[in-house]
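Below is my_file.txt, which holds compact mmCIF, C-alpha atoms.
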```txt
# COMPACT_ATOMS: atom_id res chain seq x y z
CA MET B 1 14.63 29.59 -15.03
CA PRO B 2 14.61 32.00 -13.08
CA SER B 3 14.35 30.33 -16.38
CA PRO B 4 11.50 28.74 -18.09
CA ALA B 5 11.30 26.24 -15.39
CA HIS B 6 9.82 28.38 -12.76
CA ALA B 7 7.29 25.96 -12.96
CA GLY B 8 4.61 26.58 -11.25
CA LEU B 9 4.19 25.66 -8.26
CA LEU B 10 1.68 26.49 -6.80
CA HIS B 11 -0.19 25.82 -4.05
CA LEU B 12 -2.52 28.32 -5.59
CA GLN B 13 -5.50 26.57 -4.14
CA GLY B 14 -4.99 26.05 -0.46
CA GLU B 15 -8.08 23.88 -0.57
CA GLY B 16 -6.89 22.29 -3.75
CA THR B 17 -6.10 19.22 -1.78
CA LEU B 18 -9.56 18.88 -0.33
CA ILE B 19 -12.19 16.35 -1.16
CA HIS B 20 -15.86 16.96 -0.68
CA THR B 21 -16.77 13.56 0.72
CA GLY B 22 -16.15 12.88 4.36
CA SER B 23 -14.09 9.80 3.68
CA CYS B 24 -10.74 11.51 3.93
CA GLY B 25 -11.10 12.08 7.64
CA ALA B 26 -11.40 8.33 8.22
CA TRP B 27 -8.06 7.49 6.67
CA ARG B 28 -5.40 6.28 9.03
CA CYS B 29 -2.25 7.91 7.84
CA ARG B 30 0.60 9.67 9.48
CA TYR B 31 -0.40 13.08 8.17
CA THR B 32 -2.72 13.66 11.10
CA ARG B 33 -2.90 17.40 10.66
CA ALA B 34 -3.60 17.02 6.96
CA MET B 35 -6.40 14.63 7.64
CA GLN B 36 -7.93 16.91 10.25
CA THR B 37 -8.29 19.56 7.56
CA ARG B 38 -9.58 16.93 5.10
CA ARG B 39 -6.66 17.38 2.74
CA LEU B 40 -5.61 14.76 0.25
CA PRO B 41 -2.01 13.97 1.21
CA ILE B 42 -1.31 12.45 -2.21
CA ILE B 43 -1.79 15.87 -3.84
CA ASP B 44 0.67 17.49 -1.43
CA VAL B 45 3.17 14.71 -2.11
CA LEU B 46 2.87 15.02 -5.89
CA ARG B 47 3.26 18.78 -5.68
CA GLY B 48 6.27 18.27 -3.42
CA CYS B 49 7.84 16.04 -6.08
CA ALA B 50 7.34 18.81 -8.65
CA VAL B 51 8.91 21.36 -6.29
CA THR B 52 11.90 19.08 -5.77
CA MET B 53 12.42 18.75 -9.54
CA MET B 54 12.16 22.51 -9.92
CA ILE B 55 14.79 23.19 -7.26
CA ALA B 56 17.14 20.65 -8.86
CA TYR B 57 16.61 22.21 -12.28
CA HIS B 58 17.28 25.70 -10.99
CA PHE B 59 20.41 24.52 -9.21
CA CYS B 60 21.70 23.32 -12.58
CA TYR B 61 20.57 26.59 -14.15
CA ASP B 62 22.45 28.59 -11.54
CA THR B 63 25.66 26.59 -12.01
CA THR B 64 25.50 27.61 -15.66
CA LEU B 65 24.74 31.23 -14.80
CA PHE B 66 27.75 31.35 -12.47
CA ARG B 67 29.88 29.65 -15.16
CA ILE B 68 30.58 26.57 -13.08
CA THR B 69 29.05 24.35 -15.77
CA GLN B 70 28.04 24.84 -19.39
CA PHE B 71 24.69 23.09 -19.62
CA GLN B 72 22.79 23.87 -22.84
CA LEU B 73 19.57 24.57 -20.99
CA ARG B 74 17.74 26.23 -23.85
CA GLU B 75 18.98 24.00 -26.64
CA HIS B 76 19.53 20.40 -25.52
CA TRP B 77 16.50 18.11 -25.58
CA PHE B 78 17.20 16.77 -22.10
CA TRP B 79 16.96 20.17 -20.44
CA THR B 80 14.04 21.44 -22.48
CA GLY B 81 12.23 18.15 -21.90
CA TRP B 82 12.87 18.24 -18.17
CA ARG B 83 11.59 21.78 -18.02
CA ALA B 84 8.42 20.74 -19.88
CA ILE B 85 7.85 17.88 -17.43
CA ILE B 86 8.17 20.23 -14.45
CA VAL B 87 5.80 22.82 -15.89
CA THR B 88 3.30 20.16 -16.92
CA SER B 89 3.37 18.60 -13.44
CA PHE B 90 2.62 21.89 -11.72
CA LEU B 91 -0.10 22.95 -14.10
CA LEU B 92 -1.89 19.59 -13.97
CA LEU B 93 -1.96 20.01 -10.20
CA VAL B 94 -3.32 23.54 -10.57
CA GLY B 95 -6.21 22.15 -12.60
CA ILE B 96 -6.77 19.30 -10.17
CA SER B 97 -6.76 21.73 -7.25
CA LEU B 98 -9.28 24.02 -8.91
CA GLN B 99 -11.68 21.12 -9.39
CA LEU B 100 -11.27 19.68 -5.90
CA ALA B 101 -11.71 23.11 -4.30
CA GLN B 102 -14.67 24.22 -6.36
CA GLN B 103 -17.04 24.21 -3.39
CA GLY B 104 -14.77 26.53 -1.44
CA SER B 105 -15.78 30.12 -0.77
CA ALA B 106 -15.28 32.87 -3.33
CA ARG B 107 -13.57 34.88 -0.61
CA GLY B 108 -11.03 32.14 -0.01
CA PHE B 109 -10.35 31.83 -3.72
CA GLY B 110 -9.96 35.59 -4.01
CA LYS B 111 -7.49 35.72 -1.14
CA ARG B 112 -5.33 33.01 -2.66
CA TRP B 113 -5.57 34.60 -6.09
CA LEU B 114 -4.31 37.91 -4.70
CA GLN B 115 -1.37 36.06 -3.15
CA ILE B 116 -0.46 34.60 -6.53
CA ALA B 117 -0.95 37.88 -8.41
CA GLY B 118 1.04 39.81 -5.81
CA SER B 119 3.84 37.26 -5.96
CA ALA B 120 3.87 37.52 -9.76
CA LEU B 121 4.31 41.28 -9.45
CA LEU B 122 7.21 40.77 -7.04
CA VAL B 123 8.84 38.38 -9.52
CA THR B 124 8.52 40.96 -12.30
CA ILE B 125 10.04 43.71 -10.14
CA GLY B 126 12.84 41.51 -8.82
CA SER B 127 13.73 40.05 -12.20
CA ARG B 128 13.78 43.54 -13.72
CA LEU B 129 16.57 44.43 -11.29
CA ILE B 130 18.60 41.29 -12.01
CA PHE B 131 17.82 40.78 -15.72
CA PRO B 132 17.01 44.24 -17.16
CA THR B 133 16.56 42.98 -20.73
CA GLY B 134 15.15 39.56 -19.91
CA TYR B 135 12.91 40.28 -16.96
CA ILE B 136 9.89 38.06 -16.33
CA TYR B 137 6.69 39.67 -17.53
CA PHE B 138 4.57 36.54 -18.07
CA GLY B 139 6.06 33.63 -16.21
CA ILE B 140 4.50 30.76 -14.33
CA LEU B 141 2.91 32.87 -11.60
CA HIS B 142 1.42 35.31 -14.10
CA PHE B 143 0.07 32.36 -16.05
CA ILE B 144 -1.46 30.70 -13.02
CA ALA B 145 -3.17 33.92 -11.96
CA ILE B 146 -4.93 34.17 -15.34
CA ALA B 147 -5.46 30.42 -15.82
CA SER B 148 -7.09 30.16 -12.39
CA LEU B 149 -9.76 32.67 -13.37
CA LEU B 150 -10.36 30.94 -16.69
CA GLY B 151 -10.25 27.49 -15.13
CA ARG B 152 -12.69 28.43 -12.39
CA ALA B 153 -15.12 29.66 -15.04
CA ALA B 154 -14.76 26.32 -16.86
CA LEU B 155 -15.43 24.14 -13.79
CA PRO B 156 -19.11 23.50 -14.67
CA LEU B 157 -17.93 21.62 -17.77
CA GLY B 158 -16.32 18.96 -15.60
CA ARG B 159 -14.70 16.15 -17.55
CA TRP B 160 -15.61 17.82 -20.87
CA ASN B 161 -12.77 20.24 -20.18
CA ALA B 162 -10.54 17.52 -21.62
CA LEU B 163 -11.79 18.41 -25.11
CA LEU B 164 -11.10 22.10 -24.57
CA GLY B 165 -7.71 21.21 -23.15
CA VAL B 166 -6.70 19.18 -26.19
CA ALA B 167 -7.91 21.99 -28.47
CA ALA B 168 -5.82 24.52 -26.52
CA LEU B 169 -2.76 22.27 -26.74
CA VAL B 170 -3.14 21.74 -30.49
CA ALA B 171 -3.74 25.44 -31.14
CA GLY B 172 -0.77 26.53 -29.05
CA LEU B 173 1.59 24.01 -30.63
CA THR B 174 0.58 24.53 -34.26
CA LEU B 175 -0.58 28.12 -34.78
CA GLN B 176 1.94 30.94 -35.18
CA SER B 177 1.87 34.53 -36.38
CA PRO B 178 4.39 37.41 -36.26
CA LEU B 179 1.57 39.51 -34.81
CA PHE B 180 2.01 37.70 -31.49
CA ASP B 181 5.75 38.38 -31.34
CA HIS B 182 4.90 41.78 -29.86
CA LYS B 183 5.45 41.69 -26.10
CA ALA B 184 1.90 42.82 -25.35
CA LEU B 185 0.45 39.83 -27.23
CA SER B 186 3.15 37.23 -26.62
CA CYS B 187 1.47 36.20 -23.36
CA LEU B 188 -1.15 34.46 -25.51
CA GLY B 189 1.42 32.26 -27.25
CA PHE B 190 1.40 31.72 -31.03
CA VAL B 191 4.80 33.47 -31.32
CA THR B 192 7.22 32.79 -34.15
CA HIS B 193 10.23 33.62 -31.94
CA LEU B 194 10.52 33.05 -28.22
CA PRO B 195 10.67 36.37 -26.35
CA GLU B 196 13.77 37.40 -24.42
CA THR B 197 12.67 36.61 -20.89
CA GLU B 198 13.89 34.37 -18.09
CA ASP B 199 10.53 32.65 -17.67
CA TYR B 200 7.82 32.34 -20.30
CA VAL B 201 4.61 30.36 -19.85
CA PRO B 202 2.03 31.60 -22.40
CA LEU B 203 -1.68 30.86 -22.18
CA PHE B 204 -1.51 28.61 -25.22
CA PRO B 205 -0.68 25.76 -25.15
CA TRP B 206 -0.34 25.65 -21.34
CA LEU B 207 -3.97 26.47 -20.56
CA GLY B 208 -4.74 23.09 -22.10
CA VAL B 209 -2.77 21.34 -19.35
CA VAL B 210 -4.80 23.08 -16.64
CA LEU B 211 -8.09 22.16 -18.33
CA ILE B 212 -7.01 18.54 -18.65
CA GLY B 213 -6.14 18.59 -14.96
CA ILE B 214 -9.66 19.82 -14.17
CA ALA B 215 -11.17 17.06 -16.31
CA GLY B 216 -8.98 14.42 -14.69
CA ALA B 217 -9.95 15.54 -11.20
CA ALA B 218 -13.64 15.48 -12.17
CA LEU B 219 -13.25 11.84 -13.20
CA TRP B 220 -11.25 11.18 -10.05
CA GLN B 221 -14.10 12.47 -7.91
CA ARG B 222 -16.73 10.66 -9.96
CA HIS B 223 -15.09 7.26 -9.51
CA GLY B 224 -13.76 7.77 -5.98
CA TYR B 225 -10.11 7.13 -6.84
CA ALA B 226 -8.94 9.17 -3.84
CA GLN B 227 -10.41 6.53 -1.53
CA ARG B 228 -8.52 3.63 -3.08
CA PRO B 229 -5.59 1.98 -1.28
CA LEU B 230 -2.90 3.14 -3.73
CA ALA B 231 -3.81 6.82 -3.32
CA ARG B 232 -3.94 6.47 0.46
CA ASP B 233 -0.67 4.56 0.66
CA ILE B 234 1.28 7.05 -1.45
CA GLY B 235 0.11 9.89 0.73
CA ALA B 236 0.82 8.01 3.94
CA ARG B 237 4.20 6.47 3.14
CA ALA B 238 5.94 9.29 1.28
CA PRO B 239 8.60 11.29 3.17
CA ARG B 240 7.13 14.04 5.32
CA TRP B 241 9.32 16.68 3.72
CA LEU B 242 7.72 16.04 0.33
CA ALA B 243 4.27 16.78 1.70
CA TRP B 244 5.64 19.84 3.49
CA LEU B 245 7.06 21.21 0.25
CA GLY B 246 3.72 20.57 -1.42
CA ARG B 247 1.84 22.48 1.26
CA HIS B 248 4.26 25.42 1.10
CA SER B 249 5.06 25.45 -2.61
CA LEU B 250 4.45 29.16 -3.20
CA LEU B 251 6.73 30.16 -0.34
CA THR B 252 9.35 27.71 -1.58
CA TYR B 253 9.05 29.11 -5.08
CA LEU B 254 9.64 32.65 -3.90
CA LEU B 255 12.57 31.81 -1.63
CA HIS B 256 14.53 29.03 -3.30
CA GLN B 257 16.26 31.10 -5.98
CA PRO B 258 17.31 33.95 -3.66
CA LEU B 259 18.73 31.31 -1.31
CA LEU B 260 20.55 29.53 -4.15
CA PHE B 261 21.89 32.82 -5.51
CA GLY B 262 23.03 33.79 -2.01
CA GLY B 263 24.84 30.49 -1.64
CA PHE B 264 26.64 30.86 -4.96
CA TYR B 265 27.62 34.46 -4.25
CA ALA B 266 28.92 33.41 -0.83
CA ALA B 267 30.93 30.60 -2.44
CA ARG B 268 32.41 33.08 -4.89
CA TRP B 269 33.26 35.54 -2.11
CA LEU B 270 34.97 32.76 -0.15
CA GLY B 271 36.94 31.74 -3.22
CA ILE B 272 35.31 28.33 -3.46
CA ILE B 273 34.25 29.08 -7.03
CA ALA B 274 35.83 31.48 -9.49
```
Could you write out this file's structure as structure tokens?
Amino acid sequence: MPSPAHAGLLHLQGEGTLIHTGSCGAWRCRYTRAMQTRRLPIIDVLRGCAVTMMIAYHFCYDTTLFRITQFQLREHWFWTGWRAIIVTSFLLLVGISLQLAQQGSARGFGKRWLQIAGSALLVTIGSRLIFPTGYIYFGILHFIAIASLLGRAALPLGRWNALLGVAALVAGLTLQSPLFDHKALSCLGFVTHLPETEDYVPLFPWLGVVLIGIAGAALWQRHGYAQRPLARDIGARAPRWLAWLGRHSLLTYLLHQPLLFGGFYAARWLGIIA
């Protein structure tokens, strides 16, 4: 939100939609450019779906912020559940992308990581100006920057990351201590009270989702699921704009809220809303 749903987007791994076999280039699908770079269109499409859900969620969030509606975003099960689905979708794709891009260069990974870390810093600075007491100090971008380093280190474990992922989920959902309520430690999770911040994605339990994504992608590669008709058809037949959003998810993440805010402020200035 800026809210907890700044779900992470993230086209963190530009090569996250790559596959290491040469089969992708043989596919006949309308994403010609994607195929020339050996991308997996289905990953772009799935990420585009997550981006679309995020924008819709934040539109609802903004209508509440501007007092047009009174959605109980932090209390009602529908909104908290929707937010969890969005975050989970993005973070699974982060894990999948890490696995599929593992043979990419360290330099390429470092460049993309700096883009994420720099964007996280911009979010912190910008949110501090808009929400002085609830600024974002460990939101989705901050999480992805750290989780990408940890996930990359865990890549050699392949599908066994599923066990670590489940352990991280269980630990994050069951363990609590007042010690972690301090802002400096709250980024780990284990808090007894949610911190006052517009976006909060702690390492636990969410690191577990990334690790499960890595494990799932390892199985995907092992059994060649990307080459099966269903995966090809989804990537080929989905609307082009979904794949575009998936390929430019970080840019969309950074721009969509300023654009929405600008639209609402313009509507207020024009007298369309009170």
Worksheet item: Within 6 Å of stretch 116-120 of chain B, counting all atoms listed in the file, which residues qualify if same-chain residues fewer than 5 places away don't, as a list in words?
Response: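 Answer for this query is Leu141, His142 and Ala145 of chain B.
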Worksheet item: With distances taken over only C-alpha atoms, which of B:Leu157, B:Ala238, B:Ala267, B:Val201 is nearest to B:Leu91?
Response: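 For B:Leu91, the nearest of the candidates is B:Val201.
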If we draw a sphere of 12 Å around (14.6, 44.6, -23.7), which residues have at least one atom in it when counting only C-alpha atoms? Please report them as a PDB file with C-alpha atoms, in the frame of the given file.
```
ATOM      1  CA  ARG B 128      13.780  43.540 -13.720  1.00  0.00           C
ATOM      2  CA  PHE B 131      17.820  40.780 -15.720  1.00  0.00           C
ATOM      3  CA  PRO B 132      17.010  44.240 -17.160  1.00  0.00           C
ATOM      4  CA  THR B 133      16.560  42.980 -20.730  1.00  0.00           C
ATOM      5  CA  GLY B 134      15.150  39.560 -19.910  1.00  0.00           C
ATOM      6  CA  TYR B 135      12.910  40.280 -16.960  1.00  0.00           C
ATOM      7  CA  ILE B 136       9.890  38.060 -16.330  1.00  0.00           C
ATOM      8  CA  TYR B 137       6.690  39.670 -17.530  1.00  0.00           C
ATOM      9  CA  HIS B 182       4.900  41.780 -29.860  1.00  0.00           C
ATOM     10  CA  LYS B 183       5.450  41.690 -26.100  1.00  0.00           C
ATOM     11  CA  PRO B 195      10.670  36.370 -26.350  1.00  0.00           C
ATOM     12  CA  GLU B 196      13.770  37.400 -24.420  1.00  0.00           C
ATOM     13  CA  THR B 197      12.670  36.610 -20.890  1.00  0.00           C
ATOM     14  CA  GLU B 198      13.890  34.370 -18.090  1.00  0.00           C
TER      15      GLU B 198
END
```
Fill in: Within 12 Å of stretch 67-83 of chain B using all atoms listed in the file, minus same-chain residues under 2 positions, as a ChimeraX atom specification
/B:1-8,50,53-65,85-90,194,196-201,264,267-268,272-274
Discussion item. Could you check the closest approach to B:Pro205 for each of B:Leu93, B:Ala147, B:Leu121, B:Ala266 and tell me which residue wins, using all atoms listed in the file?
Written reply: B:Ala147
Worksheet, complete the sentence: Taken to one decimal, the atom CA of B:Pro41-atom CA of B:Gly158 distance is 22.6 Å
Worksheet item: Closest to B:Leu155 among B:Leu211, B:Leu185, B:Val123, B:Leu175, using all atoms listed in the file?
Response: B:Leu211
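Between atom CA of B:Ala215 and atom CA of B:Arg237 lies a distance of 27.0 Å.
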Give the padded box for stretch 232-250 of chain B as AutoDock Vina command-line options: axis-aligned, covering all atoms listed in the file, 3 Å on each side, centre and edge lengths in Å to one decimal.
```
--center_x 2.7 --center_y 16.9 --center_z 1.1 --size_x 19.3 --size_y 30.6 --size_z 14.5
```
Practice prompt. Could you please determine the separation between atom CA of B:Leu100 and atom CA of B:Ala217 in Å, to one decimal place?
Written response: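 Result for atom CA of B:Leu100 versus atom CA of B:Ala217: 6.9 Å, one decimal.
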Fill in: Nearest candidate to B:Ser127 (options B:Gly263, B:Gly189, B:Gly224, B:Gly139; using all atoms listed in the file)
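Closest to B:Ser127, using all atoms listed in the file: B:Gly139.
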Residues around (-1.4, 32.5, -19.5), cut-off 7 Å, counting all atoms listed in the file - what are they as a PDB file with C-alpha atoms, in the frame of the given file?
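out_3.pdb was written with the following content:
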```
ATOM      1  CA  HIS B 142       1.420  35.310 -14.100  1.00  0.00           C
ATOM      2  CA  PHE B 143       0.070  32.360 -16.050  1.00  0.00           C
ATOM      3  CA  ILE B 144      -1.460  30.700 -13.020  1.00  0.00           C
ATOM      4  CA  ILE B 146      -4.930  34.170 -15.340  1.00  0.00           C
ATOM      5  CA  ALA B 147      -5.460  30.420 -15.820  1.00  0.00           C
ATOM      6  CA  CYS B 187       1.470  36.200 -23.360  1.00  0.00           C
ATOM      7  CA  LEU B 188      -1.150  34.460 -25.510  1.00  0.00           C
ATOM      8  CA  VAL B 201       4.610  30.360 -19.850  1.00  0.00           C
ATOM      9  CA  PRO B 202       2.030  31.600 -22.400  1.00  0.00           C
ATOM     10  CA  LEU B 203      -1.680  30.860 -22.180  1.00  0.00           C
ATOM     11  CA  PHE B 204      -1.510  28.610 -25.220  1.00  0.00           C
ATOM     12  CA  LEU B 207      -3.970  26.470 -20.560  1.00  0.00           C
TER      13      LEU B 207
END
```
Item to complete: May I ask which of the residues B:Gly108, B:Phe66, B:Pro156, B:Ile140 is the closest one to B:Gly262, counting all atoms listed in the file?
Response: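 Distance minimum relative to B:Gly262 lands on B:Phe66.
Distance check against B:Leu149 using all atoms listed in the file: of B:Ile234, B:Val94, B:Leu129, B:Leu242, the minimum falls on B:Val94.
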